[in-house]
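A quick write-up on the structure given underneath.
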Amino acid sequence: MNTKPTILTGDRPTGALHLGHYVGSLRQRVALQHTHQQFVLIADLQGLTDNGTNPQKIRDNIPEVLADYLAAGIDPELTTLCLQSALPALAELTMLYMNVVTVARVERNPTVKNEIAQKGFTRSLPVGFMVYPISQAADITAFKAEYVPVGDDQLPMIEQTNEIVHKMNSLLPAPLLRHCQAILSDTGRLPSIDGGAKMSKSLGNTLQLSASEDAIHKAVSAMYTDPHHLNVSDPGQIEGNVVFTWLDAFHPDKTKVAAMKAHYQQGGLGDRTCKNELETCLQELIAPMRERRATYIQDKGMLMQILQQGSERAHEVTQTTLREVKRGLGLPVLF
Ligand code: TRP
């Protein structure tokens, strides 16, 4: 019997993944797949909640995200990679859970509130978008996941999931659903190249896992440092200096980074030297991922086969939960 704790996590396939994802989640998943029973969900249905009129974007990005997973080192032998739209139990559980969540509660979710403001939705808000946290609760509970590795923006989803678990369990003859806990990445959110909080491909302020040598060089050269550090001999500031935040996130030698920081603050260490150090470690990190990714993305058939195999496994697991919940609610389970 498998006694490893279960993990579920996932991404909306709205674009290829970048170094922010690598630091925030991919790297962690690669480590966790050895110690946990890990499911990673490509959340295409959730991606559609704000791309309902542009399904092609979601469809096209499924293989992109999958190629990123494999390139980063997620191993389909150790991690079950699955597709949300292939798992009907997730949609059915969503329907059941929607009845125990009030409109007021949905409107109070701070992440959803932020997203609504950012996207400029008012009354034009798609109903599906409003309730995506309920569908996410279905994702998590269908796998009976104990741990959910996510970014801090997803904490309200975990809280809402646990409320649903509590309510549903009180309606069921036994606590069939499991409460879950977030696992936050040990490195905080990676700032973008220009020092802003939001990284995105369209803003051109991040690096994809497929970034070319030249793109890496340009990104590091353009990176925001301390604007008051004009001469090498001047003391420089570490706080808000993207080069040092990235060195913290990527450099394998922490002692060396600590020494560089001290030197920089004291004066006498130039931005160019720091940037060279960072560039070397990014080139070394990205080169093998770029090569693997290029091979995988050419073989969409292989990618889809991996997704199909994983989804078959996930289908069994999630169907079992759905059947238990239906039975527990006294609904006839006809097949
Ligand atoms: N909301 C997550 C995101 O935007 C994606 C997601 C969907 C997810 N279902 C999930 C994450 C279940 C963790 C668990 O990235």
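Identifiers for the structure tokens are assigned positionally: chains receive A, B, ... in sequence, residues are indexed from 1 per chain, and ligands are indexed from 1 in the order shown.
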
*Write down as a VMD selection string the residues of segment 70-310 of chain A whose backbone DSSP state falls under strand (DSSP E or B).*
chain A and resid 79 to 83 147 to 149 181 to 183 208

Could the residues in this selection be saved with N, CA, C and O atoms as a compact mmCIF listing (two decimals), in the first residue's frame?
```
# COMPACT_ATOMS: atom_id res chain seq x y z
N THR A 79 5.34 11.32 -11.03
CA THR A 79 4.25 12.29 -10.85
C THR A 79 3.15 11.95 -11.84
O THR A 79 3.44 11.69 -13.01
N THR A 80 1.89 11.96 -11.40
CA THR A 80 0.79 11.74 -12.33
C THR A 80 0.40 13.08 -12.94
O THR A 80 -0.06 13.97 -12.23
N LEU A 81 0.60 13.20 -14.23
CA LEU A 81 0.25 14.43 -14.95
C LEU A 81 -1.11 14.23 -15.59
O LEU A 81 -1.31 13.27 -16.33
N CYS A 82 -2.05 15.11 -15.28
CA CYS A 82 -3.40 14.87 -15.79
C CYS A 82 -4.09 16.16 -16.22
O CYS A 82 -3.66 17.26 -15.89
N LEU A 83 -5.18 15.97 -16.97
CA LEU A 83 -5.89 17.09 -17.59
C LEU A 83 -7.27 17.25 -16.95
O LEU A 83 -8.06 16.31 -16.92
N TYR A 147 -1.72 17.91 0.88
CA TYR A 147 -0.85 19.07 0.67
C TYR A 147 -1.05 19.65 -0.71
O TYR A 147 -1.19 18.91 -1.68
N VAL A 148 -1.05 20.99 -0.75
CA VAL A 148 -1.22 21.69 -2.02
C VAL A 148 -0.11 22.74 -2.14
O VAL A 148 -0.19 23.79 -1.50
N PRO A 149 0.93 22.45 -2.92
CA PRO A 149 1.98 23.45 -3.09
C PRO A 149 1.48 24.57 -4.01
O PRO A 149 1.12 24.31 -5.15
N GLN A 181 -3.64 21.38 3.30
CA GLN A 181 -2.71 22.37 3.81
C GLN A 181 -1.86 22.87 2.64
O GLN A 181 -1.45 22.06 1.80
N ALA A 182 -1.59 24.17 2.61
CA ALA A 182 -0.73 24.70 1.54
C ALA A 182 0.73 24.41 1.86
O ALA A 182 1.11 24.37 3.02
N ILE A 183 1.51 24.21 0.83
CA ILE A 183 2.98 24.22 1.01
C ILE A 183 3.46 25.43 0.21
O ILE A 183 3.26 25.48 -1.01
N GLN A 208 11.65 32.68 -20.16
CA GLN A 208 10.98 31.38 -20.31
C GLN A 208 12.00 30.27 -20.09
O GLN A 208 13.21 30.50 -20.19
```

*Near Asp234 of chain A, counting only C-alpha atoms, which residues have an atom at most 7 Å away, once you skip same-chain residues fewer than 5 positions from it, shown as a PyMOL selection string?*
chain A and resi 229+267-268

Selection from above, all heavy atoms, as a CSV table (one decimal), in the first residue's frame, can you write it?
```csv
chain,number,residue,atom,x,y,z
A,229,HIS,N,23.8,53.3,-7.3
A,229,HIS,CA,25.2,52.7,-7.3
A,229,HIS,C,25.8,53.1,-8.6
A,229,HIS,O,25.8,52.3,-9.6
A,229,HIS,CB,25.0,51.2,-7.1
A,229,HIS,CG,26.3,50.5,-7.0
A,229,HIS,ND1,26.7,49.5,-7.8
A,229,HIS,CD2,27.2,50.6,-6.0
A,229,HIS,CE1,27.9,49.0,-7.4
A,229,HIS,NE2,28.2,49.7,-6.3
A,267,GLY,N,30.9,48.7,-0.8
A,267,GLY,CA,31.5,49.4,-1.9
A,267,GLY,C,32.7,48.6,-2.5
A,267,GLY,O,33.4,47.9,-1.8
A,268,GLY,N,32.9,48.8,-3.8
A,268,GLY,CA,34.0,48.1,-4.5
A,268,GLY,C,33.6,46.9,-5.3
A,268,GLY,O,34.5,46.3,-6.0
```

*What's the 10 Å shell around Lys4 of chain A, counting only C-alpha atoms, without same-chain residues fewer than 5 positions away, as an MDAnalysis selection string?*
chainID A and resid 34:38

Would you write out those residues with N, CA and C atoms, as a PDB file, in the first residue's frame?
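Output file part.pdb is given in full below:
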```pdb
ATOM      1  N   HIS A  34       9.589  12.674  -5.147  1.00  0.00           N
ATOM      2  CA  HIS A  34      10.269  11.514  -4.576  1.00  0.00           C
ATOM      3  C   HIS A  34       9.703  11.109  -3.217  1.00  0.00           C
ATOM      4  N   THR A  35       9.109  12.051  -2.535  1.00  0.00           N
ATOM      5  CA  THR A  35       8.662  11.777  -1.164  1.00  0.00           C
ATOM      6  C   THR A  35       7.141  11.729  -1.038  1.00  0.00           C
ATOM      7  N   HIS A  36       6.431  12.138  -2.075  1.00  0.00           N
ATOM      8  CA  HIS A  36       4.976  12.219  -2.014  1.00  0.00           C
ATOM      9  C   HIS A  36       4.356  11.541  -3.222  1.00  0.00           C
ATOM     10  N   GLN A  37       3.098  11.201  -3.053  1.00  0.00           N
ATOM     11  CA  GLN A  37       2.337  10.775  -4.216  1.00  0.00           C
ATOM     12  C   GLN A  37       1.785  12.050  -4.847  1.00  0.00           C
ATOM     13  N   GLN A  38       2.355  12.422  -5.964  1.00  0.00           N
ATOM     14  CA  GLN A  38       2.069  13.755  -6.509  1.00  0.00           C
ATOM     15  C   GLN A  38       1.232  13.699  -7.780  1.00  0.00           C
TER      16      GLN A  38
END
```

Pull the closest atom pair for each residue of chain A that gets at most 8 Å from ligand 1, along with the distance in Å to one decimal, counting only C-alpha atoms and all ligand atoms, ordering rows by chain and then ascending residue number, as JSON lines.
```
{"residue": "A:Leu8", "atom": "CA", "partner": "ligand 1", "partner_atom_place_in_ligand_line": "14 (C)", "distance": 5.5}
{"residue": "A:Thr9", "atom": "CA", "partner": "ligand 1", "partner_atom_place_in_ligand_line": "13 (C)", "distance": 3.7}
{"residue": "A:Gly10", "atom": "CA", "partner": "ligand 1", "partner_atom_place_in_ligand_line": "11 (C)", "distance": 4.1}
{"residue": "A:Asp11", "atom": "CA", "partner": "ligand 1", "partner_atom_place_in_ligand_line": "5 (C)", "distance": 4.1}
{"residue": "A:Arg12", "atom": "CA", "partner": "ligand 1", "partner_atom_place_in_ligand_line": "5 (C)", "distance": 5.2}
{"residue": "A:Leu41", "atom": "CA", "partner": "ligand 1", "partner_atom_place_in_ligand_line": "9 (N)", "distance": 6.6}
{"residue": "A:Ile42", "atom": "CA", "partner": "ligand 1", "partner_atom_place_in_ligand_line": "7 (C)", "distance": 7.3}
{"residue": "A:Ala43", "atom": "CA", "partner": "ligand 1", "partner_atom_place_in_ligand_line": "7 (C)", "distance": 5.0}
{"residue": "A:Gln46", "atom": "CA", "partner": "ligand 1", "partner_atom_place_in_ligand_line": "7 (C)", "distance": 6.2}
{"residue": "A:Gly47", "atom": "CA", "partner": "ligand 1", "partner_atom_place_in_ligand_line": "4 (O)", "distance": 7.9}
{"residue": "A:Pro133", "atom": "CA", "partner": "ligand 1", "partner_atom_place_in_ligand_line": "1 (N)", "distance": 7.7}
{"residue": "A:Ser135", "atom": "CA", "partner": "ligand 1", "partner_atom_place_in_ligand_line": "9 (N)", "distance": 7.5}
{"residue": "A:Gln136", "atom": "CA", "partner": "ligand 1", "partner_atom_place_in_ligand_line": "9 (N)", "distance": 4.6}
{"residue": "A:Ala137", "atom": "CA", "partner": "ligand 1", "partner_atom_place_in_ligand_line": "12 (C)", "distance": 7.2}
{"residue": "A:Asp139", "atom": "CA", "partner": "ligand 1", "partner_atom_place_in_ligand_line": "12 (C)", "distance": 5.4}
{"residue": "A:Ile140", "atom": "CA", "partner": "ligand 1", "partner_atom_place_in_ligand_line": "12 (C)", "distance": 5.4}
{"residue": "A:Val148", "atom": "CA", "partner": "ligand 1", "partner_atom_place_in_ligand_line": "13 (C)", "distance": 5.9}
{"residue": "A:Pro149", "atom": "CA", "partner": "ligand 1", "partner_atom_place_in_ligand_line": "13 (C)", "distance": 6.8}
{"residue": "A:Val150", "atom": "CA", "partner": "ligand 1", "partner_atom_place_in_ligand_line": "13 (C)", "distance": 6.1}
{"residue": "A:Gln154", "atom": "CA", "partner": "ligand 1", "partner_atom_place_in_ligand_line": "1 (N)", "distance": 6.6}
{"residue": "A:Met157", "atom": "CA", "partner": "ligand 1", "partner_atom_place_in_ligand_line": "1 (N)", "distance": 7.9}
```

Counting only C-alpha atoms, what are the residues of segment 219-279 of chain A within 10 Å of segment 189-198 of chain A, and for each of them which pair of atoms is the nearest and at what distance in Å, to one decimal? Sort the table by chain and rising number, as a Markdown table.
```
| residue | atom | partner | partner_atom | distance |
| --- | --- | --- | --- | --- |
| A:Ala219 | CA | A:Ile193 | CA | 6.7 |
| A:Val220 | CA | A:Ile193 | CA | 7.5 |
| A:Ser221 | CA | A:Ile193 | CA | 9.5 |
| A:Ala222 | CA | A:Ile193 | CA | 7.2 |
| A:Met223 | CA | A:Ile193 | CA | 4.9 |
| A:Tyr224 | CA | A:Asp194 | CA | 5.2 |
| A:Thr225 | CA | A:Gly195 | CA | 8.3 |
| A:Gly240 | CA | A:Gly195 | CA | 7.2 |
| A:Asn241 | CA | A:Gly195 | CA | 7.6 |
| A:Val242 | CA | A:Gly195 | CA | 6.0 |
| A:Val243 | CA | A:Ile193 | CA | 8.5 |
| A:Thr245 | CA | A:Leu190 | CA | 7.4 |
| A:Trp246 | CA | A:Leu190 | CA | 7.2 |
| A:Asp248 | CA | A:Leu190 | CA | 9.9 |
| A:Ala249 | CA | A:Leu190 | CA | 7.7 |
```

Could you save the residues just selected, with N, CA, C and O atoms, as a PDB file, in the first residue's frame?
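Final file, again34.pdb:
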```pdb
ATOM      1  N   ALA A 219      18.560  39.879 -20.836  1.00  0.00           N
ATOM      2  CA  ALA A 219      17.729  40.057 -19.638  1.00  0.00           C
ATOM      3  C   ALA A 219      18.597  40.444 -18.444  1.00  0.00           C
ATOM      4  O   ALA A 219      18.255  41.368 -17.695  1.00  0.00           O
ATOM      5  N   VAL A 220      19.713  39.768 -18.298  1.00  0.00           N
ATOM      6  CA  VAL A 220      20.575  40.067 -17.145  1.00  0.00           C
ATOM      7  C   VAL A 220      21.179  41.468 -17.299  1.00  0.00           C
ATOM      8  O   VAL A 220      21.253  42.225 -16.336  1.00  0.00           O
ATOM      9  N   SER A 221      21.562  41.812 -18.517  1.00  0.00           N
ATOM     10  CA  SER A 221      22.130  43.150 -18.735  1.00  0.00           C
ATOM     11  C   SER A 221      21.129  44.243 -18.394  1.00  0.00           C
ATOM     12  O   SER A 221      21.502  45.295 -17.874  1.00  0.00           O
ATOM     13  N   ALA A 222      19.862  43.989 -18.702  1.00  0.00           N
ATOM     14  CA  ALA A 222      18.837  45.016 -18.488  1.00  0.00           C
ATOM     15  C   ALA A 222      18.300  45.016 -17.062  1.00  0.00           C
ATOM     16  O   ALA A 222      17.460  45.840 -16.702  1.00  0.00           O
ATOM     17  N   MET A 223      18.794  44.102 -16.250  1.00  0.00           N
ATOM     18  CA  MET A 223      18.189  43.902 -14.941  1.00  0.00           C
ATOM     19  C   MET A 223      18.339  45.103 -14.005  1.00  0.00           C
ATOM     20  O   MET A 223      19.393  45.743 -13.956  1.00  0.00           O
ATOM     21  N   TYR A 224      17.288  45.382 -13.276  1.00  0.00           N
ATOM     22  CA  TYR A 224      17.256  46.513 -12.342  1.00  0.00           C
ATOM     23  C   TYR A 224      18.176  46.240 -11.150  1.00  0.00           C
ATOM     24  O   TYR A 224      18.123  45.177 -10.533  1.00  0.00           O
ATOM     25  N   THR A 225      19.046  47.226 -10.838  1.00  0.00           N
ATOM     26  CA  THR A 225      19.929  47.059  -9.673  1.00  0.00           C
ATOM     27  C   THR A 225      19.661  48.192  -8.685  1.00  0.00           C
ATOM     28  O   THR A 225      18.507  48.500  -8.432  1.00  0.00           O
ATOM     29  N   GLY A 240      15.686  45.362  -2.839  1.00  0.00           N
ATOM     30  CA  GLY A 240      15.070  45.795  -4.088  1.00  0.00           C
ATOM     31  C   GLY A 240      15.989  45.641  -5.293  1.00  0.00           C
ATOM     32  O   GLY A 240      15.611  45.978  -6.407  1.00  0.00           O
ATOM     33  N   ASN A 241      17.186  45.139  -5.080  1.00  0.00           N
ATOM     34  CA  ASN A 241      18.148  44.927  -6.169  1.00  0.00           C
ATOM     35  C   ASN A 241      17.887  43.541  -6.775  1.00  0.00           C
ATOM     36  O   ASN A 241      18.164  42.509  -6.164  1.00  0.00           O
ATOM     37  N   VAL A 242      17.339  43.569  -7.980  1.00  0.00           N
ATOM     38  CA  VAL A 242      16.860  42.315  -8.578  1.00  0.00           C
ATOM     39  C   VAL A 242      17.993  41.298  -8.768  1.00  0.00           C
ATOM     40  O   VAL A 242      17.800  40.092  -8.587  1.00  0.00           O
ATOM     41  N   VAL A 243      19.191  41.795  -9.084  1.00  0.00           N
ATOM     42  CA  VAL A 243      20.312  40.874  -9.312  1.00  0.00           C
ATOM     43  C   VAL A 243      20.559  40.014  -8.070  1.00  0.00           C
ATOM     44  O   VAL A 243      20.740  38.801  -8.158  1.00  0.00           O
ATOM     45  N   THR A 245      18.379  39.432  -5.580  1.00  0.00           N
ATOM     46  CA  THR A 245      17.230  38.553  -5.310  1.00  0.00           C
ATOM     47  C   THR A 245      17.311  37.301  -6.190  1.00  0.00           C
ATOM     48  O   THR A 245      17.036  36.187  -5.739  1.00  0.00           O
ATOM     49  N   TRP A 246      17.722  37.501  -7.418  1.00  0.00           N
ATOM     50  CA  TRP A 246      17.851  36.356  -8.328  1.00  0.00           C
ATOM     51  C   TRP A 246      19.045  35.485  -7.936  1.00  0.00           C
ATOM     52  O   TRP A 246      18.973  34.258  -8.043  1.00  0.00           O
ATOM     53  N   ASP A 248      20.061  35.021  -4.947  1.00  0.00           N
ATOM     54  CA  ASP A 248      19.526  34.245  -3.822  1.00  0.00           C
ATOM     55  C   ASP A 248      18.694  33.067  -4.306  1.00  0.00           C
ATOM     56  O   ASP A 248      18.747  31.975  -3.748  1.00  0.00           O
ATOM     57  N   ALA A 249      17.904  33.313  -5.339  1.00  0.00           N
ATOM     58  CA  ALA A 249      16.988  32.268  -5.814  1.00  0.00           C
ATOM     59  C   ALA A 249      17.707  31.182  -6.614  1.00  0.00           C
ATOM     60  O   ALA A 249      17.288  30.026  -6.588  1.00  0.00           O
TER      61      ALA A 249
END
```

*asked:* Can you tell me, as a PyMOL selection string, which residues in segment 22-268 of chain A count as alpha helix (DSSP H) by DSSP?
replied: chain A and resi 27-32+44-48+55-72+88-97+103-108+110-119+127-130+132-142+155-171+213-221+242-250+254-266

*Have a look at atom CA of Thr318 of chain A and atom CA of Pro88 of chain A and let me know their distance in Å, one decimal.*
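Distance reported for this atom pair: 8.5 Å.
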
*Show which residues sit within 12 Å of Val103 of chain A, as a PyMOL selection string. Count only C-alpha atoms, and ignore same-chain residues fewer than 5 positions away.*
chain A and resi 98+108-109+127+130-131+134

*Find, counting only C-alpha atoms, the residue in A:Ser311, A:Ala117, A:Lys144, A:Ala174 that gets nearest to Arg327 of chain A.*
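The closest residue to Arg327 of chain A is A:Ala174.
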
*For each of A:Val257, A:His21, A:Arg292, A:Leu331, take the minimum atom-to-atom distance to Thr206 of chain A, counting only C-alpha atoms, then give the residue where this is smallest.*
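Once distances to Thr206 of chain A are computed over only C-alpha atoms, the minimum belongs to A:His21.
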